[in-house]
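Engineer: You'll find target09.txt just under this line, and it carries compact mmCIF, C-alpha atoms.
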```txt
# COMPACT_ATOMS: atom_id res chain seq x y z
CA MET A 691 42.82 53.53 101.93
CA SER A 692 44.40 50.15 102.09
CA MET A 693 47.96 49.44 101.28
CA THR A 694 48.95 45.89 100.72
CA VAL A 695 51.65 45.15 103.23
CA LEU A 696 54.52 43.36 101.68
CA SER A 697 53.78 39.63 101.94
CA GLU A 698 53.48 37.57 105.09
CA ARG A 699 56.66 37.27 106.98
CA ARG A 700 58.05 33.88 106.28
CA ARG A 701 60.78 32.23 108.22
CA VAL A 702 63.46 31.74 105.67
CA GLU A 703 66.63 29.86 106.31
CA LEU A 704 69.33 31.74 104.54
CA ALA A 705 72.63 30.34 103.50
CA PRO A 706 75.15 32.21 105.62
CA ALA A 707 75.96 35.44 103.83
CA VAL A 708 79.39 35.89 105.24
CA ARG A 709 81.16 38.98 104.09
CA VAL A 710 84.67 39.29 105.34
CA ARG A 711 86.85 42.36 105.13
CA GLN A 712 89.98 41.62 103.20
CA SER A 713 91.94 44.65 104.19
CA GLY A 714 94.25 44.98 107.14
CA ASN A 715 94.59 42.39 109.85
CA SER A 716 91.07 42.32 111.13
CA THR A 717 88.38 40.20 109.63
CA ARG A 718 84.88 40.61 110.86
CA PRO A 719 82.37 38.10 109.63
CA ARG A 720 79.08 39.74 108.91
CA ASP A 721 76.07 38.50 110.79
CA THR A 722 74.82 35.41 109.08
CA ALA A 723 71.40 33.94 108.61
CA ARG A 724 68.70 35.92 110.27
CA ALA A 725 65.60 34.06 111.31
CA MET A 726 63.26 36.98 110.78
CA PRO A 727 63.36 38.44 107.31
CA ASP A 728 62.45 42.03 106.78
CA ASP A 729 60.89 44.11 104.08
CA SER A 730 64.07 44.23 102.07
CA LEU A 731 64.44 40.48 102.03
CA ASP A 732 60.85 40.03 100.95
CA ALA A 733 61.38 42.53 98.15
CA ARG A 734 64.44 40.56 97.10
CA ASP A 735 62.40 37.36 96.95
CA LEU A 736 59.77 39.11 94.87
CA LEU A 737 62.38 40.51 92.51
CA ASN A 738 63.93 37.08 92.15
CA ALA A 739 60.52 35.63 91.32
CA VAL A 740 60.07 38.26 88.64
CA ALA A 741 63.57 37.74 87.28
CA ASN A 742 63.49 33.95 87.26
CA ARG A 743 59.86 33.13 86.56
CA ARG A 744 58.28 36.33 85.26
CA ASP A 745 55.96 35.97 88.26
CA ARG A 746 53.16 38.51 87.81
CA ALA A 747 51.73 38.12 91.27
CA ALA A 748 55.13 38.87 92.73
CA PHE A 749 55.44 41.90 90.49
CA GLY A 750 51.97 43.03 91.55
CA ALA A 751 53.12 42.87 95.16
CA LEU A 752 56.12 45.02 94.28
CA VAL A 753 53.80 47.55 92.67
CA ASP A 754 51.61 47.54 95.77
CA HIS A 755 54.60 48.21 97.97
CA PHE A 756 56.70 50.61 95.93
CA ALA A 757 54.30 52.57 93.77
CA PRO A 758 52.77 54.53 96.68
CA ARG A 759 56.25 55.34 97.90
CA LEU A 760 57.24 56.48 94.43
CA ARG A 761 54.20 58.72 94.36
CA ALA A 762 55.08 60.26 97.72
CA PHE A 763 58.65 60.74 96.61
CA LEU A 764 57.65 62.43 93.35
CA ARG A 765 54.98 64.57 94.93
CA ARG A 766 57.46 66.03 97.36
CA GLY A 767 59.57 66.94 94.35
CA GLY A 768 56.68 69.04 93.05
CA ALA A 769 55.58 66.89 90.14
CA SER A 770 51.99 67.16 88.89
CA GLU A 771 49.58 64.24 89.19
CA ALA A 772 49.92 63.43 85.50
CA GLU A 773 53.71 63.54 85.72
CA ILE A 774 53.64 61.33 88.79
CA ASP A 775 51.54 58.71 87.04
CA ASP A 776 53.84 58.73 84.00
CA VAL A 777 57.00 58.32 86.02
CA VAL A 778 55.51 55.62 88.27
CA GLN A 779 54.33 53.60 85.27
CA GLU A 780 57.61 53.83 83.41
CA ALA A 781 59.64 53.13 86.53
CA MET A 782 57.66 50.03 87.51
CA LEU A 783 57.80 48.76 83.92
CA LYS A 784 61.57 49.09 84.04
CA VAL A 785 61.54 47.08 87.27
CA TRP A 786 59.59 44.36 85.43
CA ARG A 787 61.90 44.38 82.41
CA ARG A 788 65.17 44.66 84.28
CA ALA A 789 64.55 42.49 87.32
CA GLU A 790 67.32 40.18 86.12
CA GLN A 791 69.80 43.01 86.31
CA PHE A 792 69.21 43.66 89.98
CA ASP A 793 72.37 42.62 91.77
CA GLY A 794 71.46 41.77 95.35
CA SER A 795 75.06 41.79 96.46
CA ARG A 796 75.39 45.42 95.50
CA GLY A 797 72.43 47.01 97.19
CA SER A 798 68.89 46.81 98.41
CA PRO A 799 65.80 46.72 96.21
CA SER A 800 64.73 50.12 97.50
CA THR A 801 68.00 51.68 96.41
CA TRP A 802 67.72 50.05 92.99
CA ILE A 803 64.14 51.15 92.51
CA PHE A 804 64.96 54.63 93.80
CA THR A 805 67.67 54.97 91.13
CA ILE A 806 65.26 53.78 88.44
CA ALA A 807 62.69 56.37 89.55
CA ARG A 808 65.33 59.08 89.75
CA ASN A 809 66.41 58.37 86.17
CA GLU A 810 62.81 58.28 84.91
CA ARG A 811 62.18 61.61 86.61
CA ILE A 812 65.16 63.08 84.79
CA ASN A 813 64.21 61.53 81.44
CA LEU A 814 60.51 62.30 81.51
CA LEU A 815 60.22 65.48 83.52
CA ARG A 816 63.44 67.23 82.59
CA ARG A 817 63.80 65.63 79.18
CA GLU A 818 67.47 65.06 79.86
CA ILE A 819 69.73 62.07 79.71
CA ARG A 820 71.44 61.06 82.89
CA PRO A 821 75.05 60.29 81.96
CA GLU A 822 76.13 57.04 83.62
CA LEU A 823 79.27 55.01 83.69
CA ASP A 824 79.32 51.54 82.18
CA PRO A 825 80.27 48.89 84.75
CA ASN A 826 81.64 46.72 81.91
CA ASP A 827 83.78 49.47 80.42
CA PRO A 828 87.39 48.32 79.96
CA ALA A 829 88.43 51.87 80.91
CA LEU A 830 86.73 51.55 84.31
CA VAL A 831 89.26 51.57 87.12
CA PRO A 832 88.46 48.66 89.44
CA PRO A 833 88.66 49.02 93.22
CA PRO A 834 92.08 48.18 94.66
CA GLU A 835 90.64 45.44 96.85
CA PRO A 836 88.16 42.72 96.06
CA ALA A 837 84.58 43.85 95.50
CA ALA A 838 83.54 42.40 98.84
CA ASP A 839 85.27 45.28 100.51
CA GLU A 840 83.51 47.94 98.51
CA SER A 841 80.54 49.49 100.17
CA PHE A 842 78.41 49.31 97.08
CA GLY A 843 75.27 49.47 99.07
CA ALA A 844 76.16 46.35 100.97
CA MET A 845 73.42 47.11 103.42
CA GLN A 846 71.11 44.12 103.24
CA ASP A 847 68.42 45.83 105.15
CA ALA A 848 66.93 49.20 104.24
CA GLY A 849 65.21 49.24 107.62
CA GLN A 850 68.54 48.96 109.40
CA LEU A 851 70.07 51.69 107.32
CA HIS A 852 67.02 53.83 108.00
CA GLU A 853 67.51 53.33 111.75
CA ALA A 854 71.15 54.21 111.37
CA LEU A 855 70.26 57.32 109.34
CA LYS A 856 68.22 58.49 112.31
CA THR A 857 71.50 58.86 114.15
CA LEU A 858 72.62 61.45 111.62
CA PRO A 859 72.71 64.92 113.15
CA PRO A 860 69.48 66.67 112.09
CA GLU A 861 71.24 69.34 110.07
CA GLN A 862 72.87 66.64 107.93
CA ALA A 863 69.63 64.66 107.60
CA GLU A 864 67.85 67.82 106.50
CA VAL A 865 70.33 68.37 103.67
CA LEU A 866 69.93 64.79 102.44
CA ASN A 867 66.15 65.07 102.60
CA LEU A 868 66.15 68.20 100.48
CA ALA A 869 68.61 66.65 98.05
CA PHE A 870 66.72 63.41 97.47
CA PHE A 871 63.11 64.35 97.85
CA GLU A 872 63.15 67.78 96.31
CA GLU A 873 66.08 67.15 93.96
CA LEU A 874 67.76 70.35 95.14
CA SER A 875 71.40 70.87 94.28
CA HIS A 876 73.65 71.85 97.15
CA SER A 877 73.59 75.50 96.00
CA ALA A 878 69.81 75.46 95.93
CA ILE A 879 69.82 73.93 99.41
CA ALA A 880 72.04 76.77 100.62
CA GLU A 881 69.57 79.28 99.21
CA ARG A 882 66.58 77.46 100.63
CA LEU A 883 68.08 77.32 104.12
CA ASP A 884 69.64 80.77 103.79
CA LEU A 885 73.04 79.42 104.77
CA PRO A 886 76.49 79.91 103.28
CA LEU A 887 77.50 77.46 100.57
CA GLY A 888 80.49 76.41 102.64
CA THR A 889 78.25 75.37 105.52
CA ILE A 890 76.19 73.14 103.26
CA LYS A 891 79.27 71.66 101.66
CA SER A 892 80.73 70.77 105.01
CA ARG A 893 77.46 69.21 106.20
CA ILE A 894 77.51 67.04 103.09
CA ARG A 895 81.13 66.10 103.71
CA LEU A 896 80.29 65.15 107.28
CA ALA A 897 77.23 63.22 106.16
CA VAL A 898 79.19 61.05 103.73
CA GLY A 899 81.72 60.44 106.49
CA ARG A 900 78.87 59.24 108.72
CA LEU A 901 77.55 57.04 105.92
CA ARG A 902 80.98 55.46 105.52
CA ASP A 903 81.05 54.78 109.27
CA ILE A 904 77.54 53.35 109.32
CA LEU A 905 78.30 50.99 106.49
CA GLU A 906 81.54 49.92 108.19
CA ILE A 907 79.64 48.95 111.33
CA GLU A 908 77.25 46.82 109.40
CA ARG A 909 79.92 44.81 107.65
CA MET B 24 98.23 55.46 89.97
CA SER B 25 95.22 56.67 91.84
CA VAL B 26 93.30 59.86 91.75
CA THR B 27 94.39 62.53 94.22
CA HIS B 28 92.05 65.39 93.39
CA HIS B 29 88.37 64.59 93.80
CA PRO B 30 85.23 66.61 93.21
CA ALA B 31 83.66 68.02 96.36
CA GLU B 32 81.30 65.60 98.10
CA ALA B 33 78.54 68.12 97.40
CA LEU B 34 78.92 67.46 93.69
CA LEU B 35 78.72 63.70 94.29
CA LEU B 36 75.50 64.19 96.26
CA ASP B 37 74.06 66.35 93.47
CA TYR B 38 74.85 63.54 91.05
CA ALA B 39 73.39 60.82 93.29
CA SER B 40 70.19 62.78 93.91
CA GLY B 41 69.68 63.59 90.24
CA ALA B 42 69.88 67.35 90.84
CA LEU B 43 72.98 67.78 88.69
CA ALA B 44 72.38 69.00 85.14
CA GLU B 45 73.70 66.92 82.27
CA PRO B 46 77.00 68.77 81.58
CA MET B 47 78.40 68.50 85.10
CA ALA B 48 76.83 65.05 85.51
CA LEU B 49 78.84 63.95 82.47
CA LEU B 50 82.02 65.09 84.20
CA VAL B 51 81.15 63.51 87.56
CA ALA B 52 80.13 60.17 86.02
CA THR B 53 83.27 60.03 83.88
CA HIS B 54 85.41 60.83 86.94
CA ALA B 55 83.56 58.09 88.87
CA ALA B 56 84.56 55.57 86.17
CA LEU B 57 88.18 56.38 87.03
CA CYS B 58 87.78 56.67 90.80
CA PRO B 59 86.52 53.78 92.95
CA ARG B 60 86.44 55.99 96.03
CA CYS B 61 83.98 58.49 94.54
CA ARG B 62 82.04 55.64 92.99
CA ALA B 63 81.60 54.18 96.47
CA ASP B 64 80.59 57.56 97.94
CA ILE B 65 77.98 58.01 95.23
CA ALA B 66 76.68 54.53 96.02
CA ARG B 67 76.50 55.41 99.73
CA PHE B 68 74.48 58.50 98.93
CA GLU B 69 72.20 56.39 96.75
CA ASP B 70 71.77 53.93 99.60
CA ALA B 71 70.74 56.81 101.85
CA GLY B 72 68.31 57.96 99.17
CA GLY B 73 66.93 54.45 98.82
CA ALA B 74 66.43 54.05 102.56
CA MET B 75 64.75 57.44 102.85
CA PHE B 76 62.53 56.65 99.89
CA GLU B 77 61.58 53.23 101.29
CA ASN B 78 60.70 54.56 104.71
CA ALA B 79 59.06 57.83 103.82
CA ALA B 80 55.58 57.77 105.25
CA ALA B 81 53.10 57.46 102.42
CA GLU B 82 49.93 59.40 102.93
CA ALA B 83 46.38 58.78 101.78
CA GLY B 84 47.00 60.72 98.59
CA ASP B 85 49.80 58.41 97.63
CA ALA B 86 47.70 55.29 97.33
CA LEU B 87 47.44 54.20 93.73
CA PRO B 88 44.69 55.89 91.78
CA ALA B 89 42.17 53.44 90.44
CA GLY B 90 43.37 51.97 87.19
CA LEU B 91 47.05 52.83 87.53
CA LYS B 92 48.02 49.36 88.65
CA ASP B 93 45.83 47.83 85.94
CA ALA B 94 47.47 50.10 83.37
CA ILE B 95 50.89 48.91 84.51
CA MET B 96 49.93 45.23 84.54
CA ALA B 97 48.42 45.55 81.07
CA ARG B 98 51.73 46.69 79.68
CA LEU B 99 53.82 43.79 80.93
CA ASP B 100 53.71 42.10 77.56
CA GLU B 101 54.90 45.20 75.74
CA ALA B 102 58.04 44.56 73.77
CA GLU B 103 60.98 46.46 75.12
CA PRO B 104 62.37 49.22 72.91
CA ALA B 105 65.24 47.68 70.95
CA MET B 106 68.71 48.73 72.07
CA PRO B 107 71.18 49.42 69.29
CA ALA B 108 73.92 46.81 69.12
CA PRO B 109 77.10 48.18 70.70
CA SER B 110 79.77 49.01 68.16
CA PRO B 111 83.23 47.50 68.54
CA LEU B 112 85.53 49.63 70.66
CA ASP B 113 87.91 51.75 68.60
CA PRO B 114 91.29 51.44 70.34
CA ALA B 115 92.05 55.09 69.50
CA ILE B 116 89.33 56.21 71.89
CA ALA B 117 89.40 53.39 74.42
CA TYR B 118 91.13 55.69 76.92
CA LEU B 119 87.97 57.77 77.17
CA PRO B 120 85.73 56.18 79.77
CA GLU B 121 81.99 56.03 79.36
CA PRO B 122 79.91 58.10 79.52
CA LEU B 123 82.33 60.58 77.92
CA ARG B 124 83.21 58.17 75.13
CA GLY B 125 79.58 58.13 74.05
CA TYR B 126 79.54 61.93 73.86
CA ALA B 127 82.95 62.62 72.34
CA GLY B 128 84.30 59.37 70.93
CA ARG B 129 83.25 59.84 67.34
CA ALA B 130 84.55 63.41 67.12
CA VAL B 131 87.85 62.41 68.69
CA ALA B 132 88.22 59.42 66.37
CA ARG B 133 87.62 61.71 63.39
CA GLY B 134 90.07 64.30 64.70
CA ASP B 135 87.47 67.10 64.78
CA TRP B 136 89.66 69.36 66.92
CA LYS B 137 89.30 73.10 66.40
CA ARG B 138 91.80 75.72 67.47
CA TRP B 139 91.06 77.36 70.80
CA GLY B 140 94.04 79.63 71.43
CA ARG B 141 97.76 79.05 70.97
CA GLY B 142 98.73 75.43 71.47
CA VAL B 143 95.21 74.47 72.52
CA ARG B 144 92.53 72.68 70.53
CA GLN B 145 89.02 71.74 71.52
CA ILE B 146 85.98 69.72 70.64
CA ARG B 147 82.75 71.29 71.81
CA LEU B 148 80.17 68.95 73.30
CA LEU B 149 76.48 69.32 74.13
CA GLU B 150 76.29 72.41 71.97
CA GLY B 151 72.93 74.09 72.07
CA ARG B 152 71.71 71.61 74.67
CA SER B 153 72.40 73.62 77.77
CA ASP B 154 73.64 76.91 79.15
CA ALA B 155 76.93 75.37 80.12
CA THR B 156 79.97 75.27 77.89
CA VAL B 157 81.39 71.79 77.60
CA ARG B 158 84.64 71.11 75.81
CA LEU B 159 87.20 68.43 75.44
CA ALA B 160 90.45 70.38 75.34
CA CYS B 161 93.83 69.23 74.08
CA ILE B 162 96.74 71.28 75.40
CA ARG B 163 99.99 70.64 73.60
CA ALA B 164 102.77 69.30 75.83
CA GLY B 165 104.33 72.19 77.74
CA ALA B 166 101.80 74.72 76.47
CA LYS B 167 99.79 77.07 78.64
CA MET B 168 96.07 77.32 78.43
CA PRO B 169 95.36 80.98 77.68
CA GLU B 170 94.61 83.09 80.73
CA HIS B 171 90.92 83.04 81.33
CA THR B 172 88.48 84.09 83.99
CA HIS B 173 85.13 82.53 84.60
CA GLY B 174 81.67 83.97 84.60
CA GLY B 175 80.59 81.08 86.76
CA ASP B 176 81.75 77.75 88.11
CA GLU B 177 84.00 75.45 86.17
CA ALA B 178 85.32 71.96 86.62
CA THR B 179 88.14 70.21 84.77
CA LEU B 180 88.72 66.45 84.51
CA VAL B 181 92.01 65.14 83.12
CA LEU B 182 91.77 62.23 80.71
CA ALA B 183 95.34 62.06 79.42
CA GLY B 184 98.67 63.63 80.29
CA GLY B 185 98.64 66.18 83.06
CA TYR B 186 98.81 69.84 83.94
CA SER B 187 99.92 72.05 86.78
CA ASP B 188 98.49 75.26 88.08
CA ALA B 189 98.70 77.24 91.30
CA SER B 190 96.62 74.67 93.14
CA GLY B 191 98.52 71.55 92.21
CA HIS B 192 99.43 68.93 89.66
CA TYR B 193 96.60 67.10 87.96
CA LEU B 194 96.76 63.72 86.24
CA ARG B 195 94.30 61.30 84.66
CA GLY B 196 91.14 61.09 86.73
CA ASP B 197 91.88 64.23 88.75
CA VAL B 198 89.23 66.92 88.99
CA SER B 199 89.72 70.57 89.80
CA GLU B 200 86.94 73.00 90.48
CA GLN B 201 87.11 76.75 90.05
CA GLY B 202 84.69 79.34 91.31
CA VAL B 203 83.89 82.74 89.87
CA GLU B 204 86.81 84.40 91.65
CA ASP B 205 89.42 81.98 90.49
CA VAL B 206 91.89 82.67 87.73
CA HIS B 207 93.86 79.67 86.75
CA GLN B 208 96.36 79.13 84.04
CA PRO B 209 97.08 75.46 83.58
CA VAL B 210 100.39 74.44 82.01
CA ALA B 211 100.47 71.02 80.38
CA ASP B 212 103.20 68.64 81.45
CA ALA B 213 106.20 68.71 79.13
CA ASP B 214 106.13 65.05 78.17
CA GLU B 215 102.64 64.59 76.79
CA ASP B 216 99.68 66.50 75.40
CA CYS B 217 97.05 67.01 78.06
CA ILE B 218 93.48 66.09 77.25
CA CYS B 219 90.82 67.27 79.64
CA LEU B 220 87.08 67.75 79.89
CA ILE B 221 86.11 71.25 80.92
CA VAL B 222 82.60 72.14 82.00
CA SER B 223 81.88 75.84 82.55
CA THR B 224 78.52 76.91 83.79
CA ALA B 225 78.97 80.27 82.10
CA PRO B 226 80.89 81.29 79.02
CA VAL B 227 84.66 81.29 79.44
CA ARG B 228 86.14 84.58 78.35
CA LEU B 229 89.76 84.69 77.32
CA ARG B 230 91.85 87.51 78.76
CA GLY B 231 94.91 89.21 77.39
CA LEU B 232 96.07 89.51 73.80
CA ALA B 233 94.92 86.05 72.85
CA GLY B 234 91.51 86.99 74.17
CA ALA B 235 91.28 90.11 72.01
CA VAL B 236 91.86 87.98 68.96
CA ILE B 237 89.97 84.84 69.94
CA ASN B 238 86.94 86.21 71.79
CA PRO B 239 85.12 87.47 68.72
CA PHE B 240 85.30 83.96 67.34
CA ILE B 241 83.94 82.23 70.42
CA ARG B 242 80.40 81.10 69.83
CA ASP B 243 78.71 80.57 73.15
```
Take the structure in the file and give it back as structure tokens.
Structural biologist:
Amino acid sequence: MSMTVLSERRRVELAPAVRVRQSGNSTRPRDTARAMPDDSLDARDLLNAVANRRDRAAFGALVDHFAPRLRAFLRRGGASEAEIDDVVQEAMLKVWRRAEQFDGSRGSPSTWIFTIARNERINLLRREIRPELDPNDPALVPPPEPAADESFGAMQDAGQLHEALKTLPPEQAEVLNLAFFEELSHSAIAERLDLPLGTIKSRIRLAVGRLRDILEIER
Amino acid sequence: MSVTHHPAEALLLDYASGALAEPMALLVATHAALCPRCRADIARFEDAGGAMFENAAAEAGDALPAGLKDAIMARLDEAEPAMPAPSPLDPAIAYLPEPLRGYAGRAVARGDWKRWGRGVRQIRLLEGRSDATVRLACIRAGAKMPEHTHGGDEATLVLAGGYSDASGHYLRGDVSEQGVEDVHQPVADADEDCICLIVSTAPVRLRGLAGAVINPFIRD
């Protein structure tokens, strides 16, 4: 089995991506240009190439990188081989069609592609619509501070976030794993682990607190 | 004015992971439109999901079957399914955020309210599409929602006006959750009709005299 590793690491000079907290008295400039790009930055470049130039080779590289991960993700959720193939196809086609909509300032490519796959799984395998808010809705309540302060997946680097997630206490990590990979609701997780609902709810509350902290550190 | 009553983080995780069924997902997503804090928490959960997905070790079986990549590449020239042009926003329903506006907007604009007890009207949503009971309720200013107990879990999201019950005062954007044991009897604020989205994962039975009259007419 060979898996195409996401393209050769190139040294890319980035314009400083300074993100400065607006709130309170402290301002912490985010680390600026990194000499060594990582998987997430390569995926961003590929997505840009697809968005700007309809670059098929770049898209092919995205398929090589993400499709096996989508398959692993779906298989752990118990989908059949045929279902997996359907969802992977439709999800990658959406990546091709919607590459322009990917907003790099709001999250990493893996998060974006994960949400596309999640929605395809719901649409195709559960035959349900996933209700979603409309970011352009006039009724949407904007954040009180400028968007730069909102942790809308500001992590530039999925690898970094992954490292940080390793610091999650194992009982919290376990809950997130079951939630994302097996699409278990928190009640189903409680049943699976044979634990009281309240215990699971508090692990989730603690986990989101940890995620808030992790994302603060990275800003 | 900001939201003070939020859904439990567990519900936000269920929404982020995709585990949440459509009725409750409708409520959570509509709340998120009104609540930047929950929106950010959902995004944080999605980031965690994205990182876990990216870094999950793929095994031999996950390599692409022969032909799958070719099948994908062959479809790149497919025309995208046409999206219907968005209709102009009717100011009468502009206060309903998406996604709720998409589900209930037309019925609200037409005034399709049906009586649901004294001083309370409702529009049923998602009928026949799930086991849950989903309603947009309009409680007349100062009126009490009839006493009711729950066969299962229920959540209420306020869209207009406000109500009070034993657990607090709820205004636009606020969510309250009730479990099987809970009996709550919301009273709408005196100055304005209260409009709220109520999702019950089991039929709501009305208690008391109103229940004896109304229950036979409830189609669940």
Engineer: Using atom CA of Asp113 of chain B and atom CA of Asp216 of chain B as the two end points, give the distance in Å to one decimal.
Structural biologist: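 So the answer is 20.1 Å.
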Engineer: Under the rule of at most 7 Å, produce a per-residue listing of chain A near chain B: chain, number, name, the closest pair of atoms, and the distance in Å, as a Markdown table, using all atoms listed in the file.
Structural biologist:
```
| residue | atom | partner | partner_atom | distance |
| --- | --- | --- | --- | --- |
| A:Met691 | CA | B:Ala83 | CA | 6.3 |
| A:Pro758 | CA | B:Asp85 | CA | 5.0 |
| A:Arg759 | CA | B:Ala81 | CA | 5.9 |
| A:Arg761 | CA | B:Asp85 | CA | 5.5 |
| A:Ala762 | CA | B:Asp85 | CA | 5.6 |
| A:Phe763 | CA | B:Phe76 | CA | 6.5 |
| A:Gln779 | CA | B:Ile95 | CA | 5.9 |
| A:Leu783 | CA | B:Ile95 | CA | 6.9 |
| A:Ser800 | CA | B:Gly73 | CA | 5.0 |
| A:Thr801 | CA | B:Gly73 | CA | 3.8 |
| A:Phe804 | CA | B:Gly73 | CA | 5.4 |
| A:Arg808 | CA | B:Gly41 | CA | 6.3 |
| A:Glu818 | CA | B:Glu45 | CA | 6.9 |
| A:Ile819 | CA | B:Glu45 | CA | 6.8 |
| A:Arg820 | CA | B:Glu45 | CA | 6.3 |
| A:Pro821 | CA | B:Leu49 | CA | 5.3 |
| A:Glu822 | CA | B:Ala52 | CA | 5.6 |
| A:Leu823 | CA | B:Glu121 | CA | 5.2 |
| A:Asp824 | CA | B:Glu121 | CA | 5.9 |
| A:Asp827 | CA | B:Glu121 | CA | 6.9 |
| A:Ala829 | CA | B:Pro120 | CA | 5.2 |
| A:Leu830 | CA | B:Ala56 | CA | 4.9 |
| A:Val831 | CA | B:Leu57 | CA | 4.9 |
| A:Pro832 | CA | B:Pro59 | CA | 6.5 |
| A:Pro833 | CA | B:Pro59 | CA | 5.2 |
| A:Glu840 | CA | B:Ala63 | CA | 6.8 |
| A:Ser841 | CA | B:Ala63 | CA | 6.1 |
| A:Phe842 | CA | B:Ala66 | CA | 5.6 |
| A:Gly843 | CA | B:Asp70 | CA | 5.7 |
| A:Ala848 | CA | B:Ala74 | CA | 5.2 |
| A:Leu851 | CA | B:Ala74 | CA | 6.4 |
| A:His852 | CA | B:Ala74 | CA | 5.5 |
| A:Ala869 | CA | B:Ser40 | CA | 5.9 |
| A:Phe870 | CA | B:Ser40 | CA | 5.0 |
| A:Glu873 | CA | B:Ala42 | CA | 4.9 |
| A:Leu874 | CA | B:Ala42 | CA | 5.7 |
| A:Ser875 | CA | B:Ala42 | CA | 5.2 |
| A:His876 | CA | B:Ala33 | CA | 6.2 |
| A:Lys891 | CA | B:Ala33 | CA | 5.6 |
| A:Ile894 | CA | B:Ala33 | CA | 5.9 |
| A:Arg895 | CA | B:Glu32 | CA | 5.6 |
| A:Val898 | CA | B:Asp64 | CA | 6.9 |
| A:Leu901 | CA | B:Arg67 | CA | 6.5 |
```
Engineer: With C-alpha atoms retained, export the selected residues as a JSON list (two decimals), in the coordinates of the input.
Structural biologist:
```json
[["chain", "number", "residue", "atom", "x", "y", "z"],
["A", 691, "MET", "CA", 42.82, 53.53, 101.93],
["A", 758, "PRO", "CA", 52.77, 54.53, 96.68],
["A", 759, "ARG", "CA", 56.25, 55.34, 97.90],
["A", 761, "ARG", "CA", 54.20, 58.72, 94.36],
["A", 762, "ALA", "CA", 55.08, 60.26, 97.72],
["A", 763, "PHE", "CA", 58.65, 60.74, 96.61],
["A", 779, "GLN", "CA", 54.33, 53.60, 85.27],
["A", 783, "LEU", "CA", 57.80, 48.76, 83.92],
["A", 800, "SER", "CA", 64.73, 50.12, 97.50],
["A", 801, "THR", "CA", 68.00, 51.68, 96.41],
["A", 804, "PHE", "CA", 64.96, 54.63, 93.80],
["A", 808, "ARG", "CA", 65.33, 59.08, 89.75],
["A", 818, "GLU", "CA", 67.47, 65.06, 79.86],
["A", 819, "ILE", "CA", 69.73, 62.07, 79.71],
["A", 820, "ARG", "CA", 71.44, 61.06, 82.89],
["A", 821, "PRO", "CA", 75.05, 60.29, 81.96],
["A", 822, "GLU", "CA", 76.13, 57.04, 83.62],
["A", 823, "LEU", "CA", 79.27, 55.01, 83.69],
["A", 824, "ASP", "CA", 79.32, 51.54, 82.18],
["A", 827, "ASP", "CA", 83.78, 49.47, 80.42],
["A", 829, "ALA", "CA", 88.43, 51.87, 80.91],
["A", 830, "LEU", "CA", 86.73, 51.55, 84.31],
["A", 831, "VAL", "CA", 89.26, 51.57, 87.12],
["A", 832, "PRO", "CA", 88.46, 48.66, 89.44],
["A", 833, "PRO", "CA", 88.66, 49.02, 93.22],
["A", 840, "GLU", "CA", 83.51, 47.94, 98.51],
["A", 841, "SER", "CA", 80.54, 49.49, 100.17],
["A", 842, "PHE", "CA", 78.41, 49.31, 97.08],
["A", 843, "GLY", "CA", 75.27, 49.47, 99.07],
["A", 848, "ALA", "CA", 66.93, 49.20, 104.24],
["A", 851, "LEU", "CA", 70.07, 51.69, 107.32],
["A", 852, "HIS", "CA", 67.02, 53.83, 108.00],
["A", 869, "ALA", "CA", 68.61, 66.65, 98.05],
["A", 870, "PHE", "CA", 66.72, 63.41, 97.47],
["A", 873, "GLU", "CA", 66.08, 67.15, 93.96],
["A", 874, "LEU", "CA", 67.76, 70.35, 95.14],
["A", 875, "SER", "CA", 71.40, 70.87, 94.28],
["A", 876, "HIS", "CA", 73.65, 71.85, 97.15],
["A", 891, "LYS", "CA", 79.27, 71.66, 101.66],
["A", 894, "ILE", "CA", 77.51, 67.04, 103.09],
["A", 895, "ARG", "CA", 81.13, 66.10, 103.71],
["A", 898, "VAL", "CA", 79.19, 61.05, 103.73],
["A", 901, "LEU", "CA", 77.55, 57.04, 105.92]]
```
Engineer: Can you work out the spacing between atom CA of Trp786 of chain A and atom CA of Ala757 of chain A in Å, to one decimal?
Structural biologist: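 Distance reported for this atom pair: 12.8 Å.
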Engineer: Using all atoms listed in the file, which protein or nucleic acid residues come within 7 Å of Lys167 of chain B? Drop anything in the same chain fewer than 4 positions from it, and give the result as a PyMOL selection string.
Structural biologist: chain B and resi 208-211
Engineer: Emit as AutoDock Vina command-line options the padded axis-aligned box for all listed atoms of segment 153-170 of chain B, 3 Å per side, with centre and edge lengths in Å to one decimal.
Structural biologist:
```
--center_x 88.4 --center_y 75.8 --center_z 77.2 --size_x 37.9 --size_y 20.7 --size_z 13.1
```
